[in-house]
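**Student:** Could you have a look at this structure, given as structure tokens, before my questions?
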Amino acid sequence: MTKPLLEIKSLTKHFVSKKGFFGQEKVVRAVDGVDLTIYPGETVSIVGESGCGKSTTGRCILRLIEPTAGEVFFEGRDICKLSPADLRGVRRDMQLVFQDPFASLNPRKTVGRILEDPLIVHGIGTAQERQKRVEEIIEIVGLSKQHLSRFPHEFSGGQRQRIGIARALILRPKLIVADEPVSALDVSIQAQILNLMQDLQKEFQLTYLFISHDLSVVRHISDRVAVMYLGRVVEVADKESLYRNPTHPYTQALLSAVPVPDPKRELQRIILEGDLPSPSNPPAGCTFHPRCRSCMDVCRSEIPLLRQKEEGHWVSCHLE
Amino acid sequence: MRTFRRRFFENKTAVVCLIVLLLLALAAAFAPVLSPYDPTQMFQDHRMEGSSGEFILGTDQFGRDIMSRIIYGARVSLMVGISSVLVSVAFGTLFGLIAGYFGRWIDGLVMRVMDVLFAFPEILLALAIVAALGPGAFNTILAIGIVNIPIFTRTVRGAVLSIKNQEYVESARAIGASTPRILFLEIFPNVTAPLLVQASLAISGAILTESALSFLGLGIQPPDPSWGGMISEARRYMELAPGMIIWPCVAMTITILSCNMFGDAVRDILDPRHRGK
């Protein structure tokens, strides 16, 4: 077994919100003890419905949000304990691709400037060398040199996302956290961007942590999939194993909701009852138990731990 | 930016005001060439005269040419107006960026200090500062500059609050950019629009405050010409020589009106809700 690139251990982020001056403190458990290991060169996806903490997890890994507790080991170093100066060094190796290509590019900067900035920040190369690298990278993501002098608003969503990927890539990182990189795009553009990301992965030996709510996209790009529910990972497995044999009732419900482009196929839809509980007041025991169709007594009181069902397939459920 | 230029030239108010302001600035810059006489030269035989071919806008109680004094006064007014606003913009932007970006207690501290400054009537605060520092052009600029800092702090802070959560700011952090870099290279370029509007509105206010200070004898000291000082002196001879008070007032009204209307027009141009009107 190779050494993991990224190891997340019981990562926790609680947001504290206070209403008014004397108001009661309210703790939102956005991420509540996530464990995940990512090996070099693979693509791991985190899926889950909105509000389950998948984006927060991604941002905690890069320490864009300070985690409340837990450890994130990147190549053996605990990122959460790094000084700001060391953190900047590590940030060369891990980059983020954002969801909204319209908000992630500064409207007052030319594309050339946006791409050159990471190099300037890390003091890489002379002006000519930087220029050369910017020109290389823009062509690698499928745009051309002429685009460098333009401003972001002159581009389409797909083109902007290519620029966002180029910006993440220019420092030659090892890990890219992609936070819903295609969910703001049209389906046809989605495929282009996903293929681009896969090509880049081969070319630069990238490791992806891919955050998405779109199960078909995840199936297309992932090697392994982690399903999150209310700040916890409920199931982690190889893509094939998870899609063929989902074990957690929540995963089963999610997968049954994927639309199948075949009108003749009968859908076996599992409809979840009720709403996603508030993460500020999660249910006791297994957080999924109020909506689970196979809820047992033990689920109401005991939090299930992740356990290995078969090789590489982990699930946190009391069901056998 | 290109659409801004196009919409700017489509807006007649903005263009007219800009032309008026440019003419004023030119007049102030070329005052020695444009003014017929030295503004402090006294023509003993021509006191408090009305308009004539010799003195276009007449003379004051010492026989000084009013036209020349108004042109030189434009220098003072524009210089004080613009420099004091530059002072306020510099400090207001810095405080606003810091308060908006860091939030929490820093925000609370900065904004409470600004609230205290806000609580004083503008002219009273300016008076107090000038009284403490002593009169003169430089101290007037400083006083008016300080008085206007809270306005800019608020404007910038508000803009920063909406910008700092944009993903491009987060991406700058992800790259590893330092905080000053994020503040000045990522956030600041995006607050310039509201800042520009606020600045052009504040210039007219600053000119007015300068005149008021000079009127009260605490701004520009005689015999240097300033509009406020001229109005103050002319007050006593209003019935005998109305031209002495009318012309500086007209000059001031035109300047302040163009500044205000320019600011309003720019705000309309920049505000997306006014598009299509």
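Naming works like this for the structure tokens: A, B, ... for the chains as they're shown, residue 1 at the start of each chain, ligands 1 onward in shown order.
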Wanna dump the stretch 77-155 of chain A-stretch 150-163 of chain B contacts at 12 Å for me, each residue with its shortest atom pair and the distance in Å to one decimal, counting only C-alpha atoms, ordered by chain and number, as a tab-separated table?
**Tutor:**
```
residue	atom	partner	partner_atom	distance
A:Ala103	CA	B:Ile163	CA	9.9
A:Ser104	CA	B:Ile163	CA	11.3
A:Asn106	CA	B:Ile163	CA	10.1
A:Pro107	CA	B:Ile163	CA	11.3
```
**Student:** Just asking: which residues within stretch 12-99 of chain A are strand (DSSP E) according to DSSP, as number ranges by chain?
**Tutor:** A: 12-18, 25-38, 43-47, 69-74, 77-78, 94-97
**Student:** Any chance you could list, as a VMD selection string, the residues in stretch 165-310 of chain A that come up helix (DSSP H, G or I) when DSSP is run on the backbone?
**Tutor:** chain A and resid 165 to 169 187 to 204 215 to 221 239 to 244 249 to 256 289 to 291 297 to 301
**Student:** Compile the contact shell of stretch 205-214 of chain B as a ChimeraX atom specification: residues with an atom at most 10 Å away, counting only C-alpha atoms, same-chain residues fewer than 5 positions apart removed.
**Tutor:** /B:74,76-85,122-124,126-127,130,135-137,140-141,143-145,147-148,199-200,219-222,225-232,252-253,255-256,259-260
**Student:** Can you work out which one of B:Phe91, B:Tyr237, B:Trp247, B:Phe43 has the shortest atom-to-atom distance to B:Ile149, counting only C-alpha atoms?
**Tutor:**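 Answer, going by the shortest atom-to-atom distance: B:Phe91.
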**Student:** Would you tabulate, counting only C-alpha atoms, all residues of chain B that have an atom at most 7 Å from an atom of chain A, showing the closest pair of atoms and their distance in Å to one decimal, sorted by chain then ascending number, as JSON lines?
**Tutor:**
```
{"residue": "B:Gln166", "atom": "CA", "partner": "A:Ala103", "partner_atom": "CA", "distance": 6.0}
{"residue": "B:Glu167", "atom": "CA", "partner": "A:Ser104", "partner_atom": "CA", "distance": 4.4}
{"residue": "B:Tyr168", "atom": "CA", "partner": "A:Ser104", "partner_atom": "CA", "distance": 4.0}
{"residue": "B:Ser171", "atom": "CA", "partner": "A:Ser104", "partner_atom": "CA", "distance": 6.9}
{"residue": "B:Ala174", "atom": "CA", "partner": "A:Gln95", "partner_atom": "CA", "distance": 6.4}
{"residue": "B:Ile175", "atom": "CA", "partner": "A:Pro118", "partner_atom": "CA", "distance": 5.7}
{"residue": "B:Gly176", "atom": "CA", "partner": "A:Arg88", "partner_atom": "CA", "distance": 4.8}
{"residue": "B:Ala177", "atom": "CA", "partner": "A:Val121", "partner_atom": "CA", "distance": 5.8}
{"residue": "B:Glu186", "atom": "CA", "partner": "A:Asn106", "partner_atom": "CA", "distance": 6.9}
{"residue": "B:Pro189", "atom": "CA", "partner": "A:Arg108", "partner_atom": "CA", "distance": 6.5}
{"residue": "B:Asn190", "atom": "CA", "partner": "A:Arg108", "partner_atom": "CA", "distance": 6.8}
```
**Student:** Tell me, in Å to one decimal, how far atom CA of B:Ile187 is from atom CA of B:Val169.
**Tutor:**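 We find that atom CA of B:Ile187 and atom CA of B:Val169 lie 7.4 Å from each other.
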**Student:** Between atom CA of B:Ile98 and atom CA of A:Ser83, measure the distance and give it in Å to one decimal.
**Tutor:**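 Calculated distance between atom CA of B:Ile98 and atom CA of A:Ser83 is 22.1 Å.
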**Student:** In terms of the shortest atom-to-atom distance over only C-alpha atoms, which of A:Asp186, A:Asp35, A:Glu25, A:Glu42 is closest to A:Leu306?
**Tutor:**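 Selected residue with least distance to A:Leu306: A:Asp35.
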**Student:** List as a VMD selection string the protein and nucleic acid residues near stretch 197-212 of chain A, meaning an atom at most 9 Å away when only C-alpha atoms are counted, but skip any in the same chain fewer than 5 places from it.
**Tutor:** chain A and resid 5 38 to 49 54 to 55 58 140 to 141 165 169 172 to 183 192 217 to 218 221 to 222
**Student:** Using only C-alpha atoms, which protein or nucleic acid residues come within 9 Å of A:Glu75? Drop anything in the same chain fewer than 3 positions from it, and give the result as a short mmCIF file (atom, residue, chain, number, x, y, z; two decimals) with N, CA and C atoms, in the first residue's frame.
**Tutor:**
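Contents of result21.cif, freshly written:
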```cif
data_model
loop_
_atom_site.label_atom_id
_atom_site.label_comp_id
_atom_site.auth_asym_id
_atom_site.auth_seq_id
_atom_site.Cartn_x
_atom_site.Cartn_y
_atom_site.Cartn_z
N LYS A 3 1.89 5.28 0.50
CA LYS A 3 1.60 6.20 1.59
C LYS A 3 0.50 7.17 1.18
N PRO A 4 -0.41 7.44 2.09
CA PRO A 4 -1.48 8.37 1.71
C PRO A 4 -0.96 9.79 1.50
N LEU A 5 -1.60 10.50 0.57
CA LEU A 5 -1.24 11.90 0.34
C LEU A 5 -1.91 12.77 1.39
N LEU A 6 -3.14 12.41 1.68
CA LEU A 6 -3.91 13.22 2.62
C LEU A 6 -4.65 12.29 3.57
N GLU A 7 -4.52 12.60 4.85
CA GLU A 7 -5.21 11.79 5.83
C GLU A 7 -6.00 12.72 6.74
N ASP A 78 0.95 17.67 9.78
CA ASP A 78 -0.37 18.11 10.23
C ASP A 78 -0.59 19.58 9.86
#
```
**Student:** Quick one: pull the distance between atom CA of B:Phe4 and atom CA of B:Val16, Å, one decimal.
**Tutor:**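 Straight-line distance from atom CA of B:Phe4 to atom CA of B:Val16 works out to 16.6 Å.
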**Student:** Of the candidates A:Gly70, A:Gly112, A:Gly76, A:Gly312, which one gets nearest to A:Ile137 if we count only C-alpha atoms?
**Tutor:**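 With only C-alpha atoms as the atom set, the closest residue is A:Gly112.
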**Student:** Using only C-alpha atoms, which of the listed residues (A:Thr56, A:Lys26, A:Leu82, A:Ser50) sits closest to A:Asp214?
**Tutor:** A:Ser50
**Student:** Set the distance at 6 Å and use only C-alpha atoms: which residues neighbour stretch 59-65 of chain B once local chain neighbours fewer than 5 positions away are removed? I'd like the list as a PDB file with N, CA and C atoms, in the first residue's frame.
**Tutor:**
```pdb
ATOM      1  N   GLN B  41      -3.733  93.389  -5.231  1.00  0.00           N
ATOM      2  CA  GLN B  41      -3.418  94.774  -5.605  1.00  0.00           C
ATOM      3  C   GLN B  41      -4.618  95.690  -5.335  1.00  0.00           C
ATOM      4  N   MET B  42      -4.387  96.812  -4.628  1.00  0.00           N
ATOM      5  CA  MET B  42      -5.489  97.706  -4.266  1.00  0.00           C
ATOM      6  C   MET B  42      -5.491  98.935  -5.167  1.00  0.00           C
ATOM      7  N   PHE B  43      -6.613  99.151  -5.813  1.00  0.00           N
ATOM      8  CA  PHE B  43      -6.773 100.371  -6.630  1.00  0.00           C
ATOM      9  C   PHE B  43      -7.538 101.375  -5.790  1.00  0.00           C
ATOM     10  N   GLN B  44      -6.796 102.312  -5.177  1.00  0.00           N
ATOM     11  CA  GLN B  44      -7.390 103.223  -4.198  1.00  0.00           C
ATOM     12  C   GLN B  44      -8.536 104.061  -4.779  1.00  0.00           C
ATOM     13  N   HIS B  46     -10.689 103.121  -7.022  1.00  0.00           N
ATOM     14  CA  HIS B  46     -11.826 102.334  -7.538  1.00  0.00           C
ATOM     15  C   HIS B  46     -12.379 101.445  -6.441  1.00  0.00           C
ATOM     16  N   ARG B  47     -12.828 101.999  -5.323  1.00  0.00           N
ATOM     17  CA  ARG B  47     -13.361 101.146  -4.260  1.00  0.00           C
ATOM     18  C   ARG B  47     -14.843 100.876  -4.463  1.00  0.00           C
ATOM     19  N   MET B  48     -15.211  99.634  -4.239  1.00  0.00           N
ATOM     20  CA  MET B  48     -16.609  99.199  -4.289  1.00  0.00           C
ATOM     21  C   MET B  48     -17.317  99.668  -5.547  1.00  0.00           C
ATOM     22  N   GLU B  49     -16.653  99.499  -6.662  1.00  0.00           N
ATOM     23  CA  GLU B  49     -17.283  99.854  -7.927  1.00  0.00           C
ATOM     24  C   GLU B  49     -18.054  98.663  -8.461  1.00  0.00           C
TER      25      GLU B  49
END
```
